[in-house]
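Next up, query-v9.cif (mmCIF, C-alpha atoms):
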data_query
#
loop_
_atom_site.group_PDB
_atom_site.id
_atom_site.type_symbol
_atom_site.label_atom_id
_atom_site.label_comp_id
_atom_site.auth_asym_id
_atom_site.auth_seq_id
_atom_site.Cartn_x
_atom_site.Cartn_y
_atom_site.Cartn_z
ATOM 1 C CA MET A 1 0.000 0.000 0.000
ATOM 2 C CA VAL A 2 2.886 2.379 0.851
ATOM 3 C CA ARG A 3 4.578 1.663 -2.441
ATOM 4 C CA ARG A 4 1.303 2.390 -4.332
ATOM 5 C CA HIS A 5 0.979 5.767 -2.588
ATOM 6 C CA HIS A 6 4.595 6.573 -3.415
ATOM 7 C CA ALA A 7 4.003 5.660 -7.049
ATOM 8 C CA LEU A 8 1.061 8.118 -7.205
ATOM 9 C CA LEU A 9 2.865 10.934 -5.387
ATOM 10 C CA ILE A 10 6.161 10.871 -7.311
ATOM 11 C CA PRO A 11 4.659 12.114 -10.652
ATOM 12 C CA LEU A 12 2.591 14.768 -8.886
ATOM 13 C CA MET A 13 5.571 15.997 -6.933
ATOM 14 C CA ALA A 14 7.537 16.222 -10.131
ATOM 15 C CA LEU A 15 4.904 18.607 -11.510
ATOM 16 C CA GLY A 16 5.226 20.924 -8.531
ATOM 17 C CA THR A 17 3.004 22.295 -5.780
ATOM 18 C CA PRO A 18 0.340 23.966 -8.042
ATOM 19 C CA ALA A 19 -0.448 20.633 -9.688
ATOM 20 C CA LEU A 20 -0.836 19.002 -6.292
ATOM 21 C CA ALA A 21 -3.259 21.736 -5.192
ATOM 22 C CA GLU A 22 -5.304 21.470 -8.394
ATOM 23 C CA ALA A 23 -5.579 17.693 -8.097
ATOM 24 C CA ALA A 24 -6.658 17.901 -4.468
ATOM 25 C CA THR A 25 -9.261 20.581 -5.290
ATOM 26 C CA GLY A 26 -10.709 18.469 -8.112
ATOM 27 C CA LEU A 27 -11.089 15.451 -5.847
ATOM 28 C CA ALA A 28 -12.717 17.511 -3.089
ATOM 29 C CA ALA A 29 -15.137 19.294 -5.483
ATOM 30 C CA ARG A 30 -16.833 16.066 -6.521
ATOM 31 C CA PRO A 31 -19.480 15.270 -3.872
ATOM 32 C CA ILE A 32 -20.037 11.723 -2.811
ATOM 33 C CA ALA A 33 -23.686 11.028 -1.910
ATOM 34 C CA PRO A 34 -24.959 7.958 -0.140
ATOM 35 C CA ALA A 35 -27.435 5.995 -2.237
ATOM 36 C CA ASP A 36 -30.181 6.520 0.331
ATOM 37 C CA THR A 37 -29.767 10.326 0.045
ATOM 38 C CA ILE A 38 -30.335 10.241 -3.729
ATOM 39 C CA ALA A 39 -33.225 7.794 -3.320
ATOM 40 C CA ALA A 40 -34.946 10.016 -0.724
ATOM 41 C CA MET A 41 -34.530 13.113 -2.882
ATOM 42 C CA LEU A 42 -36.045 11.448 -5.962
ATOM 43 C CA ALA A 43 -38.870 9.824 -3.992
ATOM 44 C CA ALA A 44 -39.856 13.195 -2.521
ATOM 45 C CA ALA A 45 -39.953 14.736 -6.003
ATOM 46 C CA TYR A 46 -42.141 11.976 -7.448
ATOM 47 C CA ARG A 47 -44.524 12.176 -4.481
ATOM 48 C CA THR A 48 -45.432 15.725 -5.521
ATOM 49 C CA GLY A 49 -46.888 14.372 -8.770
ATOM 50 C CA ASP A 50 -45.753 17.546 -10.548
ATOM 51 C CA ASP A 51 -43.884 16.807 -13.785
ATOM 52 C CA ALA A 52 -41.980 20.105 -13.759
ATOM 53 C CA THR A 53 -40.726 19.504 -10.206
ATOM 54 C CA ILE A 54 -39.713 15.928 -11.033
ATOM 55 C CA LYS A 55 -37.768 17.031 -14.118
ATOM 56 C CA ALA A 56 -35.982 19.757 -12.179
ATOM 57 C CA VAL A 57 -34.974 17.486 -9.274
ATOM 58 C CA VAL A 58 -33.732 14.704 -11.559
ATOM 59 C CA GLY A 59 -31.682 17.247 -13.513
ATOM 60 C CA VAL A 60 -30.124 18.672 -10.351
ATOM 61 C CA ALA A 61 -29.330 15.173 -9.058
ATOM 62 C CA LYS A 62 -27.535 14.217 -12.276
ATOM 63 C CA ALA A 63 -25.596 17.491 -12.400
ATOM 64 C CA THR A 64 -24.570 17.195 -8.734
ATOM 65 C CA PHE A 65 -23.697 13.489 -8.765
ATOM 66 C CA PRO A 66 -22.474 12.675 -12.307
ATOM 67 C CA ASP A 67 -20.895 9.389 -11.176
ATOM 68 C CA ASP A 68 -24.348 8.133 -10.079
ATOM 69 C CA ILE A 69 -26.324 8.857 -13.262
ATOM 70 C CA ALA A 70 -27.010 5.163 -13.896
ATOM 71 C CA GLU A 71 -28.368 4.745 -10.367
ATOM 72 C CA ILE A 72 -30.424 7.940 -10.678
ATOM 73 C CA ASP A 73 -31.991 6.624 -13.918
ATOM 74 C CA ARG A 74 -32.787 3.299 -12.252
ATOM 75 C CA LEU A 75 -34.430 4.954 -9.255
ATOM 76 C CA SER A 76 -36.318 7.402 -11.490
ATOM 77 C CA ALA A 77 -37.726 4.575 -13.595
ATOM 78 C CA GLY A 78 -39.032 2.812 -10.494
ATOM 79 C CA ASN A 79 -40.617 5.973 -9.105
ATOM 80 C CA ALA A 80 -42.132 6.804 -12.500
ATOM 81 C CA ALA A 81 -43.781 3.376 -12.675
ATOM 82 C CA VAL A 82 -45.304 3.865 -9.209
ATOM 83 C CA LEU A 83 -46.556 7.359 -10.153
ATOM 84 C CA ALA A 84 -48.078 6.108 -13.435
ATOM 85 C CA SER A 85 -49.900 3.330 -11.576
ATOM 86 C CA SER A 86 -51.220 5.810 -8.997
ATOM 87 C CA ARG A 87 -52.459 8.136 -11.742
ATOM 88 C CA ARG A 88 -54.233 5.259 -13.513
ATOM 89 C CA ASP A 89 -55.951 4.275 -10.272
ATOM 90 C CA GLU A 90 -57.067 7.865 -9.676
ATOM 91 C CA GLN A 91 -58.380 8.130 -13.237
ATOM 92 C CA LEU A 92 -60.352 4.892 -12.944
ATOM 93 C CA ALA A 93 -61.812 5.999 -9.611
ATOM 94 C CA GLU A 94 -62.843 9.355 -11.093
ATOM 95 C CA GLN A 95 -64.446 7.656 -14.107
ATOM 96 C CA ALA A 96 -66.395 5.352 -11.793
ATOM 97 C CA ARG A 97 -67.591 8.346 -9.749
ATOM 98 C CA ILE A 98 -68.758 10.179 -12.884
ATOM 99 C CA ALA A 99 -70.472 7.083 -14.297
ATOM 100 C CA ALA A 100 -72.424 6.591 -11.052
ATOM 101 C CA ALA A 101 -73.509 10.254 -10.804
ATOM 102 C CA THR A 102 -77.150 11.188 -11.398
ATOM 103 C CA PHE A 103 -78.196 13.992 -13.757
ATOM 104 C CA PHE A 104 -78.351 16.464 -10.870
ATOM 105 C CA GLU A 105 -74.790 15.725 -9.687
ATOM 106 C CA ILE A 106 -71.250 16.777 -10.785
ATOM 107 C CA TRP A 107 -72.413 20.186 -11.986
ATOM 108 C CA LYS A 108 -69.986 23.107 -11.870
ATOM 109 C CA GLY A 109 -70.626 26.750 -12.542
ATOM 110 C CA GLU A 110 -70.220 30.389 -11.718
ATOM 111 C CA LEU A 111 -72.461 33.359 -10.915
ATOM 112 C CA GLU A 112 -71.404 36.866 -11.936
ATOM 113 C CA ALA A 113 -73.047 40.154 -10.970
ATOM 114 C CA GLY A 114 -72.422 43.871 -11.021
ATOM 115 C CA ALA A 115 -74.381 47.129 -10.804
ATOM 116 C CA SER A 116 -73.792 50.851 -11.193
ATOM 117 C CA ARG A 117 -75.685 54.000 -10.304
ATOM 118 C CA SER A 118 -74.902 57.680 -10.720
ATOM 119 C CA THR A 119 -76.833 60.897 -10.075
ATOM 120 C CA GLY A 120 -76.244 64.553 -10.833
ATOM 121 C CA SER A 121 -76.084 65.971 -14.352
ATOM 122 C CA SER A 122 -76.979 62.501 -15.644
ATOM 123 C CA LYS A 123 -78.915 59.775 -13.894
ATOM 124 C CA VAL A 124 -77.623 56.339 -14.788
ATOM 125 C CA PHE A 125 -78.573 52.933 -13.478
ATOM 126 C CA GLY A 126 -77.008 49.723 -14.808
ATOM 127 C CA PHE A 127 -77.283 46.066 -13.888
ATOM 128 C CA TYR A 128 -75.408 43.040 -15.188
ATOM 129 C CA ALA A 129 -75.762 39.369 -14.237
ATOM 130 C CA SER A 130 -74.657 36.095 -15.811
ATOM 131 C CA ALA A 131 -74.633 32.418 -14.921
ATOM 132 C CA LYS A 132 -72.855 29.398 -16.359
ATOM 133 C CA LEU A 133 -73.463 25.725 -15.582
ATOM 134 C CA SER A 134 -71.570 22.752 -16.971
ATOM 135 C CA ARG A 135 -71.711 19.007 -16.468
ATOM 136 C CA ASP A 136 -68.749 17.012 -17.785
ATOM 137 C CA GLY A 137 -69.637 13.326 -18.126
ATOM 138 C CA LEU A 138 -67.666 10.477 -19.618
ATOM 139 C CA ARG A 139 -69.004 11.086 -23.153
ATOM 140 C CA TRP A 140 -71.341 14.066 -22.869
ATOM 141 C CA ARG A 141 -70.550 17.581 -21.726
ATOM 142 C CA GLN A 142 -73.482 19.961 -21.261
ATOM 143 C CA THR A 143 -73.268 23.716 -20.849
ATOM 144 C CA PHE A 144 -75.968 26.262 -19.966
ATOM 145 C CA ALA A 145 -75.249 30.002 -20.106
ATOM 146 C CA GLY A 146 -77.362 33.069 -19.453
ATOM 147 C CA ARG A 147 -76.633 36.782 -19.429
ATOM 148 C CA ILE A 148 -78.667 39.949 -18.775
ATOM 149 C CA ASP A 149 -77.291 43.462 -19.344
ATOM 150 C CA TYR A 150 -79.567 46.453 -18.686
ATOM 151 C CA GLN A 151 -78.946 50.188 -18.368
ATOM 152 C CA ARG A 152 -81.063 53.355 -18.252
ATOM 153 C CA THR A 153 -79.683 56.862 -18.734
ATOM 154 C CA ASP A 154 -81.817 59.914 -17.922
ATOM 155 C CA GLY A 155 -84.990 57.846 -18.052
ATOM 156 C CA GLU A 156 -84.167 56.211 -21.416
ATOM 157 C CA THR A 157 -83.171 52.588 -21.883
ATOM 158 C CA THR A 158 -79.733 52.601 -23.491
ATOM 159 C CA THR A 159 -78.824 48.944 -23.067
ATOM 160 C CA ASP A 160 -81.263 46.033 -23.213
ATOM 161 C CA ARG A 161 -79.314 42.866 -23.911
ATOM 162 C CA MET A 162 -80.133 39.243 -23.103
ATOM 163 C CA LEU A 163 -78.675 35.870 -24.077
ATOM 164 C CA PHE A 164 -79.515 32.271 -23.157
ATOM 165 C CA ALA A 165 -77.690 29.286 -24.658
ATOM 166 C CA TYR A 166 -77.524 25.514 -24.297
ATOM 167 C CA GLN A 167 -74.707 23.477 -25.849
ATOM 168 C CA PRO A 168 -74.333 19.680 -25.601
ATOM 169 C CA ASN A 169 -70.993 18.166 -26.652
ATOM 170 C CA TYR A 170 -70.306 14.526 -27.517
ATOM 171 C CA LYS A 171 -66.654 13.674 -26.859
ATOM 172 C CA TRP A 172 -65.108 11.349 -29.462
ATOM 173 C CA ASN A 173 -61.783 11.427 -27.605
ATOM 174 C CA ASP A 174 -59.898 13.758 -25.273
ATOM 175 C CA ASP A 175 -59.413 16.403 -27.993
ATOM 176 C CA LEU A 176 -62.257 16.039 -30.538
ATOM 177 C CA TYR A 177 -65.994 16.512 -29.983
ATOM 178 C CA SER A 178 -69.243 17.244 -31.800
ATOM 179 C CA TYR A 179 -71.502 20.004 -30.535
ATOM 180 C CA GLY A 180 -75.062 21.229 -30.823
ATOM 181 C CA LEU A 181 -76.221 24.754 -30.092
ATOM 182 C CA VAL A 182 -79.561 26.321 -29.168
ATOM 183 C CA GLN A 183 -79.366 30.048 -28.469
ATOM 184 C CA TYR A 184 -81.718 32.980 -27.873
ATOM 185 C CA GLU A 185 -80.607 36.634 -27.992
ATOM 186 C CA ARG A 186 -82.085 40.090 -27.637
ATOM 187 C CA ASP A 187 -80.131 43.294 -28.147
ATOM 188 C CA ARG A 188 -82.217 46.389 -28.875
ATOM 189 C CA SER A 189 -79.134 48.612 -28.805
ATOM 190 C CA LEU A 190 -77.873 46.734 -31.881
ATOM 191 C CA GLY A 191 -81.236 46.810 -33.618
ATOM 192 C CA TYR A 192 -82.946 43.459 -33.095
ATOM 193 C CA ALA A 193 -85.699 42.402 -30.713
ATOM 194 C CA ASN A 194 -85.235 38.630 -30.913
ATOM 195 C CA ARG A 195 -82.864 36.155 -32.504
ATOM 196 C CA GLU A 196 -83.011 32.355 -32.327
ATOM 197 C CA THR A 197 -80.071 30.204 -33.437
ATOM 198 C CA ILE A 198 -79.810 26.443 -33.944
ATOM 199 C CA GLY A 199 -76.453 24.991 -34.958
ATOM 200 C CA ALA A 200 -74.112 22.017 -34.906
ATOM 201 C CA GLY A 201 -70.501 21.281 -35.754
ATOM 202 C CA LEU A 202 -67.136 20.006 -34.588
ATOM 203 C CA GLY A 203 -64.858 21.232 -31.825
ATOM 204 C CA ILE A 204 -61.222 20.523 -31.094
ATOM 205 C CA THR A 205 -58.992 21.163 -28.112
ATOM 206 C CA ALA A 206 -56.127 22.792 -30.005
ATOM 207 C CA TYR A 207 -53.952 23.327 -26.925
ATOM 208 C CA LYS A 208 -53.963 21.715 -23.501
ATOM 209 C CA SER A 209 -51.503 21.919 -20.621
ATOM 210 C CA THR A 210 -51.443 22.386 -16.885
ATOM 211 C CA ALA A 211 -51.528 26.145 -17.542
ATOM 212 C CA GLY A 212 -54.719 26.190 -19.620
ATOM 213 C CA THR A 213 -56.676 25.155 -22.720
ATOM 214 C CA LEU A 214 -57.728 26.500 -26.111
ATOM 215 C CA ASN A 215 -60.883 25.148 -27.809
ATOM 216 C CA LEU A 216 -61.886 25.903 -31.407
ATOM 217 C CA GLU A 217 -65.327 25.192 -32.921
ATOM 218 C CA GLY A 218 -66.931 25.526 -36.319
ATOM 219 C CA GLY A 219 -70.086 24.493 -38.157
ATOM 220 C CA PRO A 220 -73.339 25.605 -39.823
ATOM 221 C CA ALA A 221 -76.252 27.325 -38.089
ATOM 222 C CA VAL A 222 -79.763 28.500 -38.883
ATOM 223 C CA ARG A 223 -80.745 31.931 -37.512
ATOM 224 C CA GLU A 224 -84.060 33.742 -37.361
ATOM 225 C CA THR A 225 -83.742 37.453 -36.561
ATOM 226 C CA ASP A 226 -86.535 39.872 -35.771
ATOM 227 C CA PHE A 227 -85.015 43.282 -36.522
ATOM 228 C CA ILE A 228 -86.635 46.373 -35.027
ATOM 229 C CA GLY A 229 -88.540 48.153 -37.791
ATOM 230 C CA GLN A 230 -87.864 45.363 -40.306
ATOM 231 C CA ALA A 231 -89.401 42.028 -41.228
ATOM 232 C CA ALA A 232 -88.075 38.878 -39.556
ATOM 233 C CA ARG A 233 -85.471 37.031 -41.582
ATOM 234 C CA THR A 234 -84.262 33.417 -41.556
ATOM 235 C CA THR A 235 -80.762 32.732 -42.870
ATOM 236 C CA LEU A 236 -78.130 30.007 -43.060
ATOM 237 C CA ALA A 237 -74.886 30.993 -41.369
ATOM 238 C CA ALA A 238 -71.391 29.661 -40.772
ATOM 239 C CA ARG A 239 -70.256 29.779 -37.143
ATOM 240 C CA ALA A 240 -66.753 29.807 -35.680
ATOM 241 C CA SER A 241 -65.748 30.276 -32.048
ATOM 242 C CA LEU A 242 -62.857 30.006 -29.629
ATOM 243 C CA ALA A 243 -62.627 29.639 -25.863
ATOM 244 C CA ALA A 244 -59.318 30.096 -24.050
ATOM 245 C CA ARG A 245 -58.598 29.635 -20.360
ATOM 246 C CA PHE A 246 -55.121 30.210 -18.890
ATOM 247 C CA SER A 247 -53.797 30.420 -15.347
ATOM 248 C CA LEU A 248 -51.288 33.264 -14.981
ATOM 249 C CA SER A 249 -50.565 32.596 -11.305
ATOM 250 C CA PRO A 250 -52.195 30.750 -8.391
ATOM 251 C CA THR A 251 -54.562 33.732 -7.904
ATOM 252 C CA LEU A 252 -54.760 35.259 -11.400
ATOM 253 C CA SER A 253 -56.367 33.839 -14.572
ATOM 254 C CA PHE A 254 -57.129 34.979 -18.123
ATOM 255 C CA SER A 255 -60.051 34.025 -20.365
ATOM 256 C CA GLN A 256 -61.087 34.831 -23.913
ATOM 257 C CA ASP A 257 -64.417 33.903 -25.520
ATOM 258 C CA ALA A 258 -65.232 34.901 -29.091
ATOM 259 C CA SER A 259 -67.653 33.848 -31.812
ATOM 260 C CA VAL A 260 -68.585 35.006 -35.303
ATOM 261 C CA PHE A 261 -71.571 34.220 -37.547
ATOM 262 C CA LEU A 262 -71.194 34.770 -41.283
ATOM 263 C CA GLU A 263 -74.504 35.148 -43.113
ATOM 264 C CA SER A 264 -75.546 36.341 -46.536
ATOM 265 C CA GLY A 265 -75.332 40.126 -46.287
ATOM 266 C CA ASP A 266 -74.653 40.114 -42.570
ATOM 267 C CA THR A 267 -71.863 39.399 -40.087
ATOM 268 C CA THR A 268 -72.232 39.323 -36.323
ATOM 269 C CA ALA A 269 -69.450 38.857 -33.807
ATOM 270 C CA THR A 270 -68.900 38.968 -30.081
ATOM 271 C CA SER A 271 -65.780 38.869 -27.950
ATOM 272 C CA THR A 272 -65.231 38.944 -24.185
ATOM 273 C CA THR A 273 -61.770 39.256 -22.630
ATOM 274 C CA ALA A 274 -61.496 38.881 -18.856
ATOM 275 C CA ILE A 275 -58.960 38.845 -16.039
ATOM 276 C CA ASP A 276 -59.967 37.151 -12.770
ATOM 277 C CA THR A 277 -58.261 37.503 -9.422
ATOM 278 C CA ARG A 278 -59.141 35.373 -6.418
ATOM 279 C CA LEU A 279 -60.392 37.236 -3.363
ATOM 280 C CA ILE A 280 -61.666 34.935 -0.619
ATOM 281 C CA GLY A 281 -62.429 31.243 -1.051
ATOM 282 C CA ARG A 282 -64.558 30.842 -4.178
ATOM 283 C CA LEU A 283 -65.150 34.555 -4.627
ATOM 284 C CA LYS A 284 -63.307 36.335 -7.445
ATOM 285 C CA ALA A 285 -63.125 39.840 -8.881
ATOM 286 C CA ARG A 286 -63.349 40.133 -12.665
ATOM 287 C CA LEU A 287 -62.343 42.883 -15.072
ATOM 288 C CA SER A 288 -63.802 42.268 -18.538
ATOM 289 C CA TYR A 289 -64.127 43.974 -21.905
ATOM 290 C CA ASN A 290 -66.957 43.000 -24.252
ATOM 291 C CA VAL A 291 -67.299 43.811 -27.962
ATOM 292 C CA GLN A 292 -70.540 43.277 -29.943
ATOM 293 C CA TYR A 293 -70.697 43.797 -33.724
ATOM 294 C CA GLU A 294 -73.785 43.743 -35.962
ATOM 295 C CA GLN A 295 -73.140 44.511 -39.637
ATOM 296 C CA ASP A 296 -76.785 44.565 -40.811
ATOM 297 C CA ASN A 297 -78.030 47.275 -38.491
ATOM 298 C CA LEU A 298 -80.441 50.185 -38.640
ATOM 299 C CA GLY A 299 -78.861 53.345 -39.967
ATOM 300 C CA SER A 300 -79.633 55.263 -36.791
ATOM 301 C CA ARG A 301 -77.708 52.803 -34.595
ATOM 302 C CA ASN A 302 -74.048 51.934 -34.202
ATOM 303 C CA SER A 303 -72.890 48.593 -35.571
ATOM 304 C CA LEU A 304 -70.233 48.279 -32.862
ATOM 305 C CA ASP A 305 -70.993 48.232 -29.145
ATOM 306 C CA THR A 306 -68.289 47.927 -26.464
ATOM 307 C CA ILE A 307 -68.410 47.893 -22.687
ATOM 308 C CA GLY A 308 -65.901 47.380 -19.882
ATOM 309 C CA ARG A 309 -67.046 46.251 -16.466
ATOM 310 C CA ALA A 310 -65.884 45.179 -13.034
ATOM 311 C CA THR A 311 -67.923 42.415 -11.395
ATOM 312 C CA LEU A 312 -67.845 39.826 -8.628
ATOM 313 C CA VAL A 313 -67.864 36.121 -9.514
ATOM 314 C CA TYR A 314 -68.763 33.172 -7.298
ATOM 315 C CA SER A 315 -67.622 29.735 -8.521
ATOM 316 C CA PHE A 316 -69.017 26.403 -7.354
#

For this file, write the structure as C-alpha cells.
Amino acid sequence: MVRRHHALLIPLMALGTPALAEAATGLAARPIAPADTIAAMLAAAYRTGDDATIKAVVGVAKATFPDDIAEIDRLSAGNAAVLASSRRDEQLAEQARIAAATFFEIWKGELEAGASRSTGSSKVFGFYASAKLSRDGLRWRQTFAGRIDYQRTDGETTTDRMLFAYQPNYKWNDDLYSYGLVQYERDRSLGYANRETIGAGLGITAYKSTAGTLNLEGGPAVRETDFIGQAARTTLAARASLAARFSLSPTLSFSQDASVFLESGDTTATSTTAIDTRLIGRLKARLSYNVQYEQDNLGSRNSLDTIGRATLVYSF
C-alpha cells in the first residue's frame, strides 16, 4: 500500500506544488452522496406528482452526482412506474364516480353580478348578471349560459341585452368533440328584438396543458332574426368560435371567448376578454371587456358596441 501511494505521489511531486493543489481541489469538489440520500430526494420529487418539479430534481441530481447517473436513472424509472400506476388508479376511480352520478350531480358553474348608479347631471342605473353551468360526463358535456345586461340613462333605456344558450358536446376522444347549439338573444341597442339560433358542428382542443386550454369550434347554423322596424329574416350561417382559459398565477387567470356568424349580407361577432383575481375562497373579482358587432343594423344605430365592467364572480 505504501509503495502504491509513493508511485502516485512521485509524478505529482515532479509537476510541482500547483499541480498538487489542483488535483486535491478536483477530488474535493466532486461530492459523494450515499445511495439513500439520492433515493430520498427522488422519492420526494415523485410524491409531488408535478412533472416540472420531477424534471428539475432529476436534472439537479444528475448534475450534482455525475458518477451516479445510472443509479439515478434506475431509481427514477421505479418511481415513475409507481406514479403512473397511482395516476391510472385515480383516473379509474374518477371515471367510476362520474359514471355513477345522477343527472343532478357533478355540476360546476359560476355566478357573476355587477351594478352601477350615478346621479347629478346625468342619472344612470345599470345592472349586469350572468350564470354558467356545466356538467362534464364520460361522453357528454353539457353547458348552460345566461346573461342579462340592462342600463337606463336619464330615463331612457340605453342597453337592453339578453342571451340564453344551451350546448351539448359529444366527446369522441380527449381532444375532438361534436356540438349542438340552441341560443336565444335580444339586443335592442344593436337593432334586433329577438334572434333564435340552432347549430351544430365540430370542436377541437387545439392546446392543452397544466396552464390552460384553447378550444376551437366551427359548423353551420340556422338563424331567425326579428329586426326592429324590419321584417323577420331566416338565414343560413357559418359559425366559428374560440374559448381560451389560462392560469397566470395561483390567484390570477385569463379568459377569452369569441364567436362570429357569417350570413348572406350580414356578419355578427362577439368577444369577451377577462382577467380574474381570487379574493376569498370561491369569490373572485373580474375585469372584462366585451365587444358586440352587428353589420346589418339600422342606420340610426351603431354597428359596434363595447363595454368594460368590473364584477364579482362566485364559482361552485

Practice item. Kindly give the distance, in Å, that separates CA of Leu214 in chain A and CA of Ser253 in chain A, rounded to a single decimal. Key: 13.7 Å

Exercise for review: Find the residues near range 95-109 of chain A: any atom within 7 Å, counting all atoms listed in the file, skip ones fewer than 6 places away on the same chain, and give them as a list of chain:residue names.
Suggested key: A:Lys132, A:Leu133, A:Ser134, A:Arg135, A:Gly137, A:Leu138, A:Ser315, A:Phe316

Practice item. Translate the PyMOL selection byres ((chain A and resi 46) around 12), as applied to the file shown, into an explicit residue set as an MDAnalysis selection string. Key: chainID A and resid 39:45 47:58 75:84 86:87

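The shortest atom-to-atom distance to Asp175 in chain A, with only C-alpha atoms taken into account, belongs to A:Tyr207 out of A:Tyr289, A:Phe227, A:Tyr207, A:Phe144.
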
Practice item. Could you expand the PyMOL selection byres ((chain A and resi 167) around 7) into the explicit residues it covers here, written as a ChimeraX atom specification? Key: /A:142-144,165-166,168-169,179-182
